[in-house]
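Source file: upload-v5.txt. Holds: compact mmCIF, C-alpha atoms.
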# COMPACT_ATOMS: atom_id res chain seq x y z
CA MET A 71 0.00 0.00 0.00
CA PHE A 72 2.87 2.33 0.85
CA LEU A 73 4.55 1.72 -2.52
CA ALA A 74 1.29 2.24 -4.38
CA ALA A 75 0.67 5.50 -2.56
CA SER A 76 4.22 6.67 -3.28
CA ALA A 77 3.82 5.84 -6.95
CA ALA A 78 0.55 7.75 -7.13
CA SER A 79 2.09 10.73 -5.40
CA SER A 80 5.18 10.73 -7.61
CA SER A 81 3.04 10.65 -10.74
CA PHE A 82 1.81 14.12 -9.86
CA ALA A 83 5.34 15.34 -9.15
CA GLN A 84 6.65 14.36 -12.57
CA ALA A 85 6.04 17.42 -14.73
CA ASN A 86 8.61 16.53 -17.38
CA ILE A 87 7.03 15.39 -20.62
CA SER A 88 8.88 13.80 -23.50
CA PRO A 89 9.52 16.32 -26.28
CA ALA A 90 7.01 16.25 -29.10
CA ALA A 91 7.72 14.25 -32.25
CA ALA A 92 8.59 16.00 -35.51
CA GLN A 93 5.76 17.20 -37.74
CA THR A 94 4.74 14.46 -40.19
CA LYS A 95 1.88 16.04 -42.16
CA PRO A 96 0.74 19.54 -43.16
CA ILE A 97 -1.24 21.56 -40.62
CA TYR A 98 -3.80 24.22 -41.50
CA VAL A 99 -5.05 26.68 -38.89
CA LEU A 100 -8.23 28.37 -40.11
CA GLY A 101 -10.50 31.19 -39.02
CA ALA A 102 -8.37 32.61 -36.20
CA LYS A 103 -7.38 36.18 -35.53
CA LEU A 104 -3.72 36.18 -36.52
CA HIS A 105 -1.44 38.51 -34.55
CA ILE A 106 1.48 38.53 -36.98
CA GLY A 107 3.95 40.03 -34.50
CA ASN A 108 5.07 42.90 -36.74
CA GLY A 109 2.12 45.13 -35.90
CA LYS A 110 -0.31 43.61 -38.40
CA VAL A 111 -3.49 41.67 -37.58
CA ILE A 112 -5.56 39.43 -39.86
CA ASP A 113 -9.06 38.98 -38.45
CA ASN A 114 -10.02 35.84 -40.38
CA GLY A 115 -6.71 34.27 -41.21
CA TYR A 116 -5.14 31.02 -42.25
CA LEU A 117 -1.77 29.51 -41.37
CA MET A 118 -0.14 26.68 -43.32
CA ILE A 119 2.61 24.60 -41.70
CA GLU A 120 4.84 22.05 -43.43
CA LYS A 121 8.03 20.39 -42.19
CA GLY A 122 8.27 22.74 -39.23
CA LYS A 123 8.06 25.93 -41.31
CA ILE A 124 5.31 28.42 -42.09
CA THR A 125 4.51 27.95 -45.77
CA GLY A 126 1.46 30.18 -46.01
CA VAL A 127 -0.23 32.97 -44.08
CA GLY A 128 -2.99 35.37 -45.03
CA ASP A 129 -6.69 36.16 -45.20
CA ALA A 130 -8.75 32.95 -45.32
CA THR A 131 -11.48 34.62 -47.38
CA LEU A 132 -9.12 35.33 -50.28
CA VAL A 133 -7.75 31.85 -50.96
CA LYS A 134 -8.87 28.31 -51.66
CA LEU A 135 -6.82 25.71 -49.82
CA ASN A 136 -6.33 22.03 -50.53
CA PHE A 137 -6.53 20.17 -47.21
CA SER A 138 -5.61 16.72 -48.54
CA ASN A 139 -3.34 14.67 -46.29
CA GLY A 140 -3.24 17.41 -43.67
CA GLU A 141 -4.64 18.27 -40.24
CA VAL A 142 -7.18 21.08 -40.16
CA ILE A 143 -7.52 23.12 -36.95
CA GLN A 144 -10.68 25.20 -36.88
CA ALA A 145 -9.79 28.16 -34.72
CA ASN A 146 -12.75 30.48 -35.23
CA ASP A 147 -13.01 33.22 -32.57
CA LYS A 148 -9.56 32.29 -31.26
CA HIS A 149 -6.22 34.09 -31.39
CA VAL A 150 -2.95 32.90 -32.92
CA TYR A 151 0.35 34.43 -31.79
CA PRO A 152 4.02 33.86 -32.60
CA GLY A 153 5.77 32.16 -29.71
CA PHE A 154 6.78 34.62 -27.02
CA ILE A 155 10.51 34.97 -26.30
CA ALA A 156 11.85 35.47 -22.76
CA PRO A 157 15.11 37.48 -22.82
CA ILE A 158 17.82 37.57 -20.16
CA THR A 159 16.73 34.77 -17.84
CA ASN A 160 18.51 32.09 -15.83
CA LEU A 161 15.81 29.63 -16.85
CA GLY A 162 17.20 26.10 -16.86
CA LEU A 163 20.21 27.22 -14.83
CA ALA A 164 18.34 27.23 -11.51
CA GLU A 165 15.75 24.90 -10.03
CA PHE A 166 15.42 25.39 -6.27
CA GLU A 167 16.59 28.71 -4.88
CA ALA A 168 17.27 27.17 -1.44
CA VAL A 169 19.37 24.29 -2.83
CA LYS A 170 22.78 25.53 -3.93
CA ALA A 171 23.54 22.42 -5.95
CA THR A 172 20.70 23.31 -8.35
CA LEU A 173 22.00 26.84 -9.01
CA ASP A 174 24.36 27.04 -11.98
CA PHE A 175 24.05 30.56 -13.35
CA SER A 176 27.00 32.34 -11.71
CA GLU A 177 30.73 31.67 -11.56
CA ILE A 178 33.46 32.83 -9.19
CA GLY A 179 35.30 35.94 -10.32
CA THR A 180 34.29 39.19 -11.98
CA LEU A 181 35.59 38.77 -15.55
CA ASN A 182 34.32 35.52 -17.08
CA PRO A 183 33.85 36.01 -20.84
CA HIS A 184 34.66 32.33 -21.45
CA ILE A 185 31.58 31.07 -19.55
CA ARG A 186 28.86 29.57 -21.79
CA ALA A 187 25.38 29.26 -20.27
CA ILE A 188 24.19 26.81 -22.93
CA VAL A 189 26.30 23.88 -21.71
CA ALA A 190 24.67 24.14 -18.26
CA TYR A 191 21.11 24.46 -19.55
CA ASN A 192 18.92 21.77 -17.99
CA THR A 193 16.20 20.58 -20.36
CA ASP A 194 14.80 18.37 -17.58
CA SER A 195 13.90 21.40 -15.47
CA LYS A 196 10.24 21.53 -14.48
CA VAL A 197 10.07 25.28 -15.05
CA PRO A 198 9.98 25.59 -18.89
CA ALA A 199 6.72 23.63 -19.06
CA THR A 200 5.02 26.29 -16.94
CA LEU A 201 6.16 28.95 -19.41
CA ARG A 202 4.87 27.07 -22.45
CA SER A 203 1.37 27.12 -20.96
CA ASN A 204 1.41 30.92 -21.19
CA GLY A 205 2.80 31.04 -24.73
CA ILE A 206 6.50 31.49 -23.94
CA LEU A 207 8.19 29.06 -26.31
CA MET A 208 11.75 30.42 -26.51
CA ALA A 209 14.21 31.97 -24.08
CA GLN A 210 17.63 33.59 -23.91
CA VAL A 211 19.43 31.56 -21.25
CA THR A 212 21.81 34.00 -19.60
CA PRO A 213 24.65 33.73 -17.04
CA GLN A 214 24.79 36.20 -14.17
CA GLY A 215 27.28 37.63 -11.70
CA GLY A 216 30.42 39.73 -11.81
CA VAL A 217 31.19 42.40 -14.37
CA VAL A 218 31.45 40.12 -17.42
CA ALA A 219 29.21 37.12 -16.82
CA GLY A 220 29.75 35.21 -20.08
CA SER A 221 27.68 34.26 -23.12
CA SER A 222 23.97 33.57 -23.37
CA SER A 223 22.23 31.34 -25.91
CA VAL A 224 18.71 31.23 -27.34
CA VAL A 225 16.78 27.99 -26.86
CA GLN A 226 13.37 26.58 -27.67
CA LEU A 227 11.57 25.10 -24.68
CA ASP A 228 10.83 21.52 -25.77
CA ALA A 229 13.98 19.46 -26.17
CA TRP A 230 15.85 16.36 -25.03
CA ASN A 231 19.14 18.14 -24.43
CA TRP A 232 20.79 21.51 -24.88
CA GLU A 233 22.05 20.63 -28.35
CA ASP A 234 18.46 20.00 -29.49
CA ALA A 235 17.22 23.09 -27.67
CA ALA A 236 19.71 25.57 -29.13
CA ILE A 237 18.38 28.01 -31.70
CA LYS A 238 21.41 30.31 -31.56
CA THR A 239 24.42 29.56 -29.40
CA ASP A 240 26.51 32.31 -27.80
CA ASP A 241 24.27 35.04 -29.19
CA ALA A 242 25.48 37.71 -26.74
CA MET A 243 28.08 38.57 -24.11
CA HIS A 244 26.70 40.07 -20.89
CA LEU A 245 28.33 42.91 -19.01
CA THR A 246 27.19 44.79 -15.89
CA TRP A 247 28.55 48.32 -15.92
CA PRO A 248 30.56 49.01 -12.73
CA VAL A 249 28.78 51.60 -10.57
CA THR A 250 29.75 53.15 -7.26
CA PRO A 251 27.12 52.05 -4.70
CA LYS A 252 25.17 54.80 -3.03
CA PRO A 253 26.01 55.26 0.65
CA ARG A 254 23.68 53.44 2.99
CA GLN A 255 23.73 52.50 6.62
CA GLY A 256 23.25 49.12 8.23
CA PHE A 257 20.00 48.04 9.87
CA GLY A 258 18.98 50.44 12.61
CA GLY A 259 21.89 52.74 11.81
CA ARG A 260 24.43 50.08 12.77
CA GLY A 261 26.73 47.98 10.66
CA PRO A 262 30.13 48.42 9.02
CA GLN A 263 30.62 51.64 7.12
CA VAL A 264 32.68 51.82 3.93
CA SER A 265 33.88 55.24 2.86
CA GLN A 266 32.52 56.60 -0.39
CA GLU A 267 36.06 57.31 -1.55
CA LEU A 268 37.00 53.65 -1.16
CA LEU A 269 33.89 52.59 -3.09
CA LYS A 270 34.80 55.00 -5.88
CA GLU A 271 38.32 53.58 -6.00
CA ARG A 272 36.94 50.06 -6.33
CA THR A 273 34.64 51.15 -9.14
CA GLN A 274 37.47 52.88 -10.97
CA LYS A 275 39.63 49.78 -10.62
CA SER A 276 36.82 47.64 -12.10
CA LEU A 277 36.51 50.01 -15.05
CA GLU A 278 40.25 49.89 -15.67
CA GLU A 279 40.26 46.07 -15.54
CA LEU A 280 37.32 45.98 -17.93
CA ASP A 281 39.04 48.33 -20.37
CA GLN A 282 42.21 46.25 -20.20
CA LEU A 283 40.26 43.05 -20.89
CA PHE A 284 38.62 44.50 -24.00
CA ALA A 285 41.86 46.03 -25.26
CA GLU A 286 43.68 42.70 -24.88
CA ALA A 287 40.79 40.78 -26.46
CA LYS A 288 40.67 43.10 -29.48
CA ALA A 289 44.43 42.79 -29.96
CA TYR A 290 44.16 39.01 -29.58
CA THR A 291 41.55 38.79 -32.36
CA GLU A 292 43.73 40.83 -34.72
CA THR A 293 46.70 38.49 -34.43
CA THR A 294 47.42 34.78 -34.74
CA PRO A 295 48.30 33.83 -31.16
CA VAL A 296 50.77 31.03 -30.50
CA VAL A 297 49.15 30.16 -27.19
CA THR A 298 45.36 30.01 -26.82
CA ASN A 299 43.84 32.23 -24.16
CA ALA A 300 40.31 30.94 -23.49
CA ARG A 301 39.03 34.19 -22.01
CA LEU A 302 40.24 36.34 -24.88
CA ALA A 303 39.30 33.82 -27.56
CA ALA A 304 35.74 33.77 -26.20
CA MET A 305 35.41 37.47 -27.08
CA ARG A 306 36.47 37.11 -30.71
CA ASN A 307 32.93 37.29 -32.11
CA LEU A 308 32.24 40.56 -30.30
CA PHE A 309 34.63 42.34 -32.61
CA ASN A 310 33.58 40.70 -35.88
CA GLY A 311 29.88 41.40 -35.30
CA ARG A 312 28.74 37.80 -34.87
CA GLN A 313 27.98 38.29 -31.19
CA LYS A 314 26.18 41.12 -29.45
CA LEU A 315 27.12 42.91 -26.25
CA PHE A 316 24.39 43.38 -23.64
CA ILE A 317 25.27 46.00 -21.03
CA THR A 318 23.24 46.45 -17.85
CA ALA A 319 23.25 50.10 -16.83
CA ASP A 320 20.51 52.17 -15.21
CA GLY A 321 21.72 55.70 -14.46
CA GLU A 322 21.84 58.47 -17.07
CA LYS A 323 25.62 58.95 -16.82
CA ASP A 324 26.25 55.21 -16.66
CA ILE A 325 24.22 54.65 -19.83
CA ILE A 326 26.25 57.25 -21.73
CA ALA A 327 29.54 55.90 -20.38
CA ALA A 328 28.62 52.30 -21.23
CA VAL A 329 27.59 53.11 -24.81
CA ASN A 330 30.72 55.19 -25.40
CA PHE A 331 32.87 52.37 -24.00
CA ALA A 332 31.35 49.90 -26.48
CA LYS A 333 31.73 52.37 -29.37
CA LYS A 334 35.41 52.72 -28.51
CA TYR A 335 35.81 49.06 -29.53
CA GLY A 336 33.52 49.27 -32.57
CA ILE A 337 30.56 47.58 -30.85
CA THR A 338 26.92 48.71 -30.85
CA PRO A 339 25.56 47.43 -27.53
CA VAL A 340 22.07 46.52 -26.32
CA LEU A 341 21.14 48.26 -23.07
CA VAL A 342 19.52 46.27 -20.27
CA GLY A 343 17.51 47.90 -17.49
CA ALA A 344 18.24 51.51 -18.49
CA GLU A 345 15.87 52.96 -15.91
CA GLU A 346 16.89 56.51 -16.82
CA ALA A 347 16.94 55.90 -20.58
CA SER A 348 14.09 58.36 -21.04
CA LEU A 349 16.55 61.13 -20.09
CA VAL A 350 18.91 60.29 -22.96
CA VAL A 351 16.49 59.35 -25.75
CA ASP A 352 18.26 61.46 -28.40
CA PHE A 353 21.63 59.95 -27.48
CA LEU A 354 20.24 56.41 -27.80
CA LYS A 355 18.63 57.16 -31.17
CA GLN A 356 21.82 58.70 -32.54
CA ASN A 357 23.73 55.57 -31.61
CA ASN A 358 21.04 53.10 -32.75
CA ILE A 359 20.74 51.50 -29.30
CA ALA A 360 18.02 48.96 -28.50
CA VAL A 361 16.80 48.73 -24.90
CA VAL A 362 15.62 45.78 -22.85
CA VAL A 363 13.20 47.26 -20.31
CA ARG A 364 13.36 45.21 -17.15
CA GLN A 365 10.43 44.44 -14.86
CA PRO A 366 7.70 47.00 -15.68
CA HIS A 367 5.98 45.95 -12.44
CA ALA A 368 8.45 47.75 -10.17
CA LEU A 369 8.94 50.84 -8.08
CA PRO A 370 10.55 53.92 -9.65
CA ASN A 371 14.31 54.32 -9.32
CA SER A 372 14.17 57.80 -7.79
CA ILE A 373 11.89 59.26 -5.13
CA ASP A 374 11.31 62.19 -7.51
CA ASP A 375 10.02 59.97 -10.33
CA ASP A 376 6.39 59.48 -11.25
CA VAL A 377 5.18 56.39 -9.39
CA ASN A 378 3.98 54.98 -12.73
CA LYS A 379 7.24 55.59 -14.58
CA PRO A 380 8.26 51.89 -14.76
CA TYR A 381 4.96 51.23 -16.56
CA LYS A 382 5.59 54.08 -19.02
CA ASN A 383 9.27 53.54 -19.84
CA ALA A 384 8.65 51.14 -22.71
CA ALA A 385 6.18 53.49 -24.39
CA ILE A 386 8.40 56.56 -23.93
CA LEU A 387 11.27 54.80 -25.69
CA ALA A 388 9.24 52.99 -28.36
CA ASN A 389 7.31 56.12 -29.33
CA ALA A 390 10.66 57.86 -29.77
CA GLY A 391 11.68 55.26 -32.35
CA ILE A 392 13.85 53.01 -30.17
CA ILE A 393 13.56 49.22 -30.39
CA VAL A 394 12.20 48.10 -27.03
CA VAL A 395 12.11 44.63 -25.50
CA VAL A 396 10.27 43.75 -22.29
CA SER A 397 11.78 41.31 -19.79
CA ILE A 398 11.07 40.05 -16.29
CA ASP A 399 13.50 38.95 -13.60
CA GLY A 400 14.04 35.39 -12.40
CA TYR A 401 13.00 32.06 -13.84
CA TRP A 402 9.75 30.91 -12.18
CA GLN A 403 8.39 34.41 -12.77
CA GLN A 404 8.98 34.20 -16.51
CA ARG A 405 5.50 32.75 -16.98
CA ASN A 406 4.19 36.28 -16.28
CA LEU A 407 6.13 37.85 -19.16
CA PRO A 408 3.03 38.26 -21.39
CA PHE A 409 1.34 40.26 -18.67
CA MET A 410 4.32 42.61 -18.42
CA ALA A 411 3.73 43.34 -22.10
CA GLY A 412 0.04 43.75 -21.30
CA THR A 413 0.95 46.38 -18.74
CA VAL A 414 2.97 48.48 -21.19
CA ALA A 415 0.00 48.18 -23.57
CA ALA A 416 -2.08 49.95 -20.93
CA TRP A 417 0.52 52.70 -20.51
CA GLY A 418 1.20 54.18 -23.91
CA LEU A 419 1.55 51.38 -26.48
CA ASN A 420 -1.21 49.78 -28.53
CA PRO A 421 -1.63 46.00 -28.06
CA GLU A 422 0.23 45.06 -31.24
CA GLN A 423 3.17 47.30 -30.37
CA ALA A 424 3.24 45.74 -26.92
CA LEU A 425 3.16 42.29 -28.52
CA GLN A 426 6.27 43.18 -30.55
CA THR A 427 8.21 43.79 -27.30
CA ILE A 428 8.12 40.04 -26.59
CA THR A 429 8.11 38.72 -30.17
CA LEU A 430 9.69 40.41 -33.20
CA ASN A 431 11.60 43.12 -31.31
CA THR A 432 13.11 40.45 -29.08
CA ALA A 433 13.99 38.31 -32.09
CA LYS A 434 15.76 41.28 -33.71
CA VAL A 435 17.76 42.06 -30.59
CA LEU A 436 18.77 38.40 -30.24
CA GLY A 437 19.62 38.08 -33.92
CA ILE A 438 17.04 35.39 -34.75
CA GLU A 439 14.49 37.51 -36.64
CA GLN A 440 15.04 35.48 -39.83
CA ARG A 441 13.46 32.42 -38.22
CA ALA A 442 11.36 33.60 -35.25
CA GLY A 443 9.36 36.47 -33.78
CA SER A 444 6.51 36.72 -36.30
CA LEU A 445 4.06 34.64 -38.32
CA GLU A 446 5.67 35.05 -41.71
CA GLN A 447 6.33 32.65 -44.55
CA GLY A 448 9.63 30.80 -44.28
CA LYS A 449 10.01 31.21 -40.53
CA ASP A 450 9.86 28.44 -37.95
CA ALA A 451 6.33 27.31 -37.14
CA THR A 452 6.62 28.32 -33.49
CA PHE A 453 3.25 29.68 -32.42
CA PHE A 454 0.27 29.05 -30.16
CA ILE A 455 -3.51 29.26 -30.16
CA SER A 456 -5.28 31.05 -27.32
CA SER A 457 -8.99 31.33 -26.68
CA GLY A 458 -8.48 34.91 -25.44
CA ASP A 459 -6.09 37.86 -25.38
CA ALA A 460 -2.70 36.36 -24.51
CA LEU A 461 -1.47 39.62 -22.94
CA ASP A 462 -4.39 39.67 -20.50
CA MET A 463 -4.02 37.54 -17.37
CA LYS A 464 -7.79 36.97 -17.19
CA SER A 465 -8.27 35.76 -20.75
CA ASN A 466 -4.92 34.15 -21.61
CA HIS A 467 -5.69 30.48 -22.19
CA VAL A 468 -3.28 28.60 -24.42
CA GLU A 469 -5.10 25.66 -25.99
CA ARG A 470 -2.39 24.39 -28.33
CA ALA A 471 1.22 25.30 -28.96
CA PHE A 472 3.70 24.35 -31.66
CA ILE A 473 7.49 24.61 -31.67
CA GLN A 474 9.04 24.22 -35.13
CA GLY A 475 5.82 22.52 -36.22
CA ARG A 476 5.79 20.04 -33.33
CA ASP A 477 2.53 19.86 -31.38
CA ILE A 478 3.85 20.14 -27.82
CA ASN A 479 2.34 18.87 -24.58
CA LEU A 480 1.01 21.69 -22.39
CA ASP A 481 0.95 19.76 -19.14
CA ASN A 482 3.07 21.12 -16.30
CA LEU A 483 3.73 20.83 -12.58
CA HIS A 484 1.26 23.59 -11.66
CA LYS A 485 -1.56 21.89 -13.55
CA GLN A 486 -0.71 18.56 -11.98
CA LEU A 487 -0.75 20.00 -8.47
CA ASP A 488 -4.06 21.69 -9.21
CA LYS A 489 -5.56 18.35 -10.25
CA LYS A 490 -4.05 16.59 -7.26
CA PHE A 491 -5.42 18.91 -4.61
CA SER A 492 -8.69 19.55 -6.41
CA ALA A 493 -9.25 15.81 -6.29
CA LYS A 494 -8.28 15.69 -2.62
CA TYR A 495 -10.72 18.33 -1.45
CA SER A 496 -13.53 17.31 -3.80
CA THR A 497 -13.59 13.85 -2.18
CA ALA A 498 -13.18 15.11 1.40
CA GLU A 499 -16.13 14.45 3.69

Taking this structure as input, can you express it in the form of structure tokens?
Amino acid sequence: MFLAASAASSSFAQANISPAAAQTKPIYVLGAKLHIGNGKVIDNGYLMIEKGKITGVGDATLVKLNFSNGEVIQANDKHVYPGFIAPITNLGLAEFEAVKATLDFSEIGTLNPHIRAIVAYNTDSKVPATLRSNGILMAQVTPQGGVVAGSSSVVQLDAWNWEDAAIKTDDAMHLTWPVTPKPRQGFGGRGPQVSQELLKERTQKSLEELDQLFAEAKAYTETTPVVTNARLAAMRNLFNGRQKLFITADGEKDIIAAVNFAKKYGITPVLVGAEEASLVVDFLKQNNIAVVVRQPHALPNSIDDDVNKPYKNAAILANAGIIVVVSIDGYWQQRNLPFMAGTVAAWGLNPEQALQTITLNTAKVLGIEQRAGSLEQGKDATFFISSGDALDMKSNHVERAFIQGRDINLDNLHKQLDKKFSAKYSTAE
């Protein structure tokens, strides 16, 4: 009896589902409202899928389709979206925050350009399945910690291993701009005090070490070294344009300094966070800088800021002509990414512009716009069908999802626990 009970209990705990099999026959989605992802909407659309690619998309009233040997999905009154993309997340690199052995997103040291997040990505994590149920089908798995954390990679969220998951490996190097901490006291006015001058010295030293690293790496790429230096070799693609540089910087002066630093080495960076980006809009436009807005559901950075400024930041930048991407911190929380985009839709962007912040804009920033981010012919058939508005927490209900044409399982740990305890209390006397 004990073994039987344990088996029953463990069946609910197993949220990992085998990845879906490859597409074997054409699929036709008919009658849905197609949110293309580039700002366009087709109210009564059709989508044709063959061999994992989108082979046709348009207005269903204008064409006659041959459905022989294919699966027809009638999606009248439903919505079809390109798969959402979660940028800058330690998804698959962390499982239980309280168990150190399951945390693999940060390395010792401050300058780690040779670290590759993709080789640590855990496809058996229970977390990605919870994201798929809200339409998030791809993610940029990103290392954290130090000044230079290493390289991220873009993955799709239904795979046997990291090799199968990878859409683009080592897409970007991640740098946190050194900043002098603001003076603050310990709890209750007690605690060790560190002089502001000492903090400034430490920051200056970090900047000098960072500049030296980039100077040595650039020189390394321009020569044929006799001895391989793994740290410098890992930065080679930054200077030939094959890899992007993501810089986290929030303050107005830090943003300007970070962009000018990257320009010094011939790199156009992507800004992350950029809480005061609205103060330097013209500077960002002149330098063609895209911005990843972090956590719209947050408090303002300054006590003088409008309390709603975090909600408005995306619209301020996007309406000025800057490419804007919306992100959310953490890994479990990534399932709420669509609702972050829904928030910026309520504060200055129209719904289709807000949708772009987690689809096509993200794909452009990650360098995968040729195969993902919108429902366009020739791109990967990575999309989902929702019975309601996917950016609205109340109506988001993903009924089916496809990754590269594969019809994926939408079960997850949260759904299993819901069934388990619903059954428990429904049978209680």

* **For Ile124 (chain A): contacts at 10 Å, all atoms listed in the file, fewer than 2 positions along chain excluded, given as JSON, numbers by chain** => {"A": [97, 117, 118, 119, 120, 121, 122, 126, 127, 441, 445, 446, 447, 448, 449, 450, 451, 452, 453, 474, 475]}

* To do: Compare A:His184, A:Lys323, A:Arg272, A:His105 by their minimum atom-to-atom distance to Asn307 (chain A), counting only C-alpha atoms, and give me the closest one.
  =>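 Of all the options, A:His184 lies closest to Asn307 (chain A).
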
* To do: Select, from A:Ile392, A:Ile455, A:Ile438, A:Leu425, the residue with the minimum atom-to-atom distance to Gly109 (chain A), counting only C-alpha atoms.
  =>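 For Gly109 (chain A), the nearest of the candidates is A:Leu425.
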
* Asked: In Å, with one decimal, what is the gap from CA of Met463 (chain A) to CA of Thr413 (chain A)?
  ->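 If I compute the distance from CA of Met463 (chain A) to CA of Thr413 (chain A), I get 10.2 Å.
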
* Distance of CA of Val217 (chain A) from CA of Leu181 (chain A), expressed in Å to one decimal place ->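 Computing it gives 5.8 Å between the two atoms.
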
Could you give me, as CSV, a per-residue list for region 438-478 of chain A showing, wherever an atom lies at most 9 Å from an atom of region 197-209 of chain A, the closest pair of atoms and their distance in Å to one decimal, using only C-alpha atoms and sorting by chain then residue number from low to high?
residue,atom,partner,partner_atom,distance
A:Thr452,CA,A:Leu207,CA,7.4
A:Phe453,CA,A:Gly205,CA,7.8
A:Phe454,CA,A:Gly205,CA,6.3
A:Ile455,CA,A:Gly205,CA,8.5
A:Ser456,CA,A:Gly205,CA,8.5
A:Ala460,CA,A:Asn204,CA,7.6
A:Asn466,CA,A:Asn204,CA,7.1
A:His467,CA,A:Asn204,CA,7.2
A:Val468,CA,A:Ser203,CA,6.0
A:Glu469,CA,A:Ser203,CA,8.3
A:Arg470,CA,A:Ser203,CA,8.7
A:Ala471,CA,A:Gly205,CA,7.3
A:Phe472,CA,A:Leu207,CA,8.4
A:Ile473,CA,A:Leu207,CA,7.0
A:Ile478,CA,A:Arg202,CA,8.8

* Asked: Could you work out how far CA of Gln313 (chain A) lies from CA of Ala164 (chain A), giving the answer in Å with one decimal?
  -> 24.5 Å

* Closest to Gly443 (chain A) among A:Leu280, A:Ile428, A:Ala219, A:Ala168, using only C-alpha atoms? ->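 Under the stated criterion, the closest residue is A:Ile428.
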
* If we count all atoms listed in the file, what is near Asn389 (chain A) at a cut-off of 12 Å, once residues fewer than 5 positions away on the same chain are taken out, given as a PyMOL selection string? -> chain A and resi 348+351+355+382-384+394+414+417-420+423-424

* Using all atoms listed in the file, collect all residues at a distance of at most 9 Å from (1.7, 38.8, -17.6) as written in the file, then present them as an NGL selection string. => :A and (204 or 404-413 or 460-463)

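The residue that comes closest to Ile386 (chain A), out of A:Asp281, A:Asp324, A:Glu346, A:Glu422 and on the basis of all atoms listed in the file, is A:Glu346.
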
* Asked: For Ser465 (chain A), which of A:His149, A:Leu369, A:Ile158, A:Asn330 is the closest residue, counting all atoms listed in the file?
  ->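 Nearest to Ser465 (chain A): A:His149.
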
* Just the residues within 12 Å of Ala332 (chain A), please, counting only C-alpha atoms, with nothing from its chain fewer than 5 positions along; format it as JSON, numbers by chain. => {"A": [245, 247, 280, 281, 284, 285, 288, 308, 309, 314, 315, 316, 317, 325, 326, 327, 337, 338, 339, 340, 341, 357, 359]}

With C-alpha atoms retained, export the selected residues as a PDB file, in the frame of the given file.
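Output saved as result.pdb:
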ATOM      1  CA  LEU A 245      28.330  42.910 -19.010  1.00  0.00           C
ATOM      2  CA  TRP A 247      28.550  48.320 -15.920  1.00  0.00           C
ATOM      3  CA  LEU A 280      37.320  45.980 -17.930  1.00  0.00           C
ATOM      4  CA  ASP A 281      39.040  48.330 -20.370  1.00  0.00           C
ATOM      5  CA  PHE A 284      38.620  44.500 -24.000  1.00  0.00           C
ATOM      6  CA  ALA A 285      41.860  46.030 -25.260  1.00  0.00           C
ATOM      7  CA  LYS A 288      40.670  43.100 -29.480  1.00  0.00           C
ATOM      8  CA  LEU A 308      32.240  40.560 -30.300  1.00  0.00           C
ATOM      9  CA  PHE A 309      34.630  42.340 -32.610  1.00  0.00           C
ATOM     10  CA  LYS A 314      26.180  41.120 -29.450  1.00  0.00           C
ATOM     11  CA  LEU A 315      27.120  42.910 -26.250  1.00  0.00           C
ATOM     12  CA  PHE A 316      24.390  43.380 -23.640  1.00  0.00           C
ATOM     13  CA  ILE A 317      25.270  46.000 -21.030  1.00  0.00           C
ATOM     14  CA  ILE A 325      24.220  54.650 -19.830  1.00  0.00           C
ATOM     15  CA  ILE A 326      26.250  57.250 -21.730  1.00  0.00           C
ATOM     16  CA  ALA A 327      29.540  55.900 -20.380  1.00  0.00           C
ATOM     17  CA  ILE A 337      30.560  47.580 -30.850  1.00  0.00           C
ATOM     18  CA  THR A 338      26.920  48.710 -30.850  1.00  0.00           C
ATOM     19  CA  PRO A 339      25.560  47.430 -27.530  1.00  0.00           C
ATOM     20  CA  VAL A 340      22.070  46.520 -26.320  1.00  0.00           C
ATOM     21  CA  LEU A 341      21.140  48.260 -23.070  1.00  0.00           C
ATOM     22  CA  ASN A 357      23.730  55.570 -31.610  1.00  0.00           C
ATOM     23  CA  ILE A 359      20.740  51.500 -29.300  1.00  0.00           C
TER      24      ILE A 359
END

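Among the candidates A:Asp194, A:Glu278, A:Glu345, A:Asp234, the one nearest to Ser88 (chain A) when counting all atoms listed in the file is A:Asp194.
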
Give, as lines of an AutoDock Vina configuration file, the centre coordinates and the x, y and z edge lengths in Å to one decimal for an axis-aligned box around all listed atoms of region 479-498 of chain A, padded by 3 Å on each side.
center_x = -4.9
center_y = 18.7
center_z = -11.6
size_x = 23.3
size_y = 15.7
size_z = 32.0

Please rebuild region 161-165 of chain A with N, CA and C atoms and return the result as a PDB file, keeping the file's coordinate frame.
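Output contents, as saved in out_38.pdb:
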ATOM      1  N   LEU A 161      16.645  30.808 -16.653  1.00  0.00           N
ATOM      2  CA  LEU A 161      15.810  29.630 -16.850  1.00  0.00           C
ATOM      3  C   LEU A 161      16.669  28.427 -17.231  1.00  0.00           C
ATOM      4  N   GLY A 162      16.438  27.302 -16.570  1.00  0.00           N
ATOM      5  CA  GLY A 162      17.200  26.100 -16.860  1.00  0.00           C
ATOM      6  C   GLY A 162      18.568  26.062 -16.209  1.00  0.00           C
ATOM      7  N   LEU A 163      18.951  27.163 -15.561  1.00  0.00           N
ATOM      8  CA  LEU A 163      20.210  27.220 -14.830  1.00  0.00           C
ATOM      9  C   LEU A 163      19.972  27.224 -13.328  1.00  0.00           C
ATOM     10  N   ALA A 164      18.712  27.238 -12.931  1.00  0.00           N
ATOM     11  CA  ALA A 164      18.340  27.230 -11.510  1.00  0.00           C
ATOM     12  C   ALA A 164      17.044  26.444 -11.362  1.00  0.00           C
ATOM     13  N   GLU A 165      16.955  25.707 -10.263  1.00  0.00           N
ATOM     14  CA  GLU A 165      15.750  24.900 -10.030  1.00  0.00           C
ATOM     15  C   GLU A 165      15.120  25.210  -8.681  1.00  0.00           C
TER      16      GLU A 165
END
